[in-house]
Amino acid sequence: MKKFVYIVTDRNRTSLHVGMSSDLIKTLDFYKQMPSLFFDNAQQLTRLVYFEEFRTEAQALSRFKLMSRFTRMQKERVVRSCNPDWVDLTIGLDFEHIISSKKLINQVNLPFGMLS
């Protein structure tokens, strides 16, 4: 079973939150549906800026514990190492989810005469 360690932030990058999940998309949907559950309204953690995938829970848990102790500067360094523009990575995850759950109807049937 896959496990993810991730960093989410708000639109102004004032908060950096490290988390661990087995279903990253569901976790990010939860953050978006319940924005003020853990933080105030100004700090809506809706931007996924970093994540790592692990095969075992033990590996993910040890990485989560390590990253949870990071200072803000260390967390920023980790994010910038693979996402220097702080782009929201949720878009890419949603795209994979949409593609895998829906049939693609983008094939074009051409007559054999047009192929030669």
# chains A, B, ... in the order shown; residues from 1 in each chain; ligands from 1
>>> closest_atom_pairs(of="segment 62-91 of chain A", to="segment 13-21 of chain A", cutoff="8 Å", atoms="only C-alpha atoms", output="Markdown table")
| residue | atom | partner | partner_atom | distance |
| --- | --- | --- | --- | --- |
| A:Phe64 | CA | A:Met20 | CA | 6.5 |
| A:Met67 | CA | A:Val18 | CA | 6.9 |
| A:Ser68 | CA | A:Val18 | CA | 6.1 |
| A:Arg72 | CA | A:Leu16 | CA | 7.4 |
| A:Lys75 | CA | A:Leu16 | CA | 7.5 |
>>> select_by_dssp(residues="segment 43-80 of chain A", states="alpha helix (DSSP H)", output="MDAnalysis selection string")
chainID A and resid 57:68 72:80
>>> residues_around(residues="segment 48-52 of chain A", least_positions_apart="3", cutoff="6 Å", atoms="only C-alpha atoms", output="list in words")
Phe4, Val5, Tyr6, Ile7, Val8, Val79, Trp86, Asp88, Leu89 and Thr90 of chain A
>>> write_last_selection(atoms="C-alpha atoms", output="short mmCIF file (atom, residue, chain, number, x, y, z; two decimals), in the first residue's frame")
data_model
loop_
_atom_site.label_atom_id
_atom_site.label_comp_id
_atom_site.auth_asym_id
_atom_site.auth_seq_id
_atom_site.Cartn_x
_atom_site.Cartn_y
_atom_site.Cartn_z
CA PHE A 4 2.50 9.80 0.99
CA VAL A 5 4.30 12.48 2.98
CA TYR A 6 3.32 15.94 1.79
CA ILE A 7 3.63 19.65 2.44
CA VAL A 8 0.65 21.95 1.95
CA VAL A 79 9.92 22.44 -1.62
CA TRP A 86 5.65 26.70 -5.70
CA ASP A 88 0.02 23.72 -6.85
CA LEU A 89 0.64 20.02 -7.58
CA THR A 90 -2.99 19.08 -6.97
#
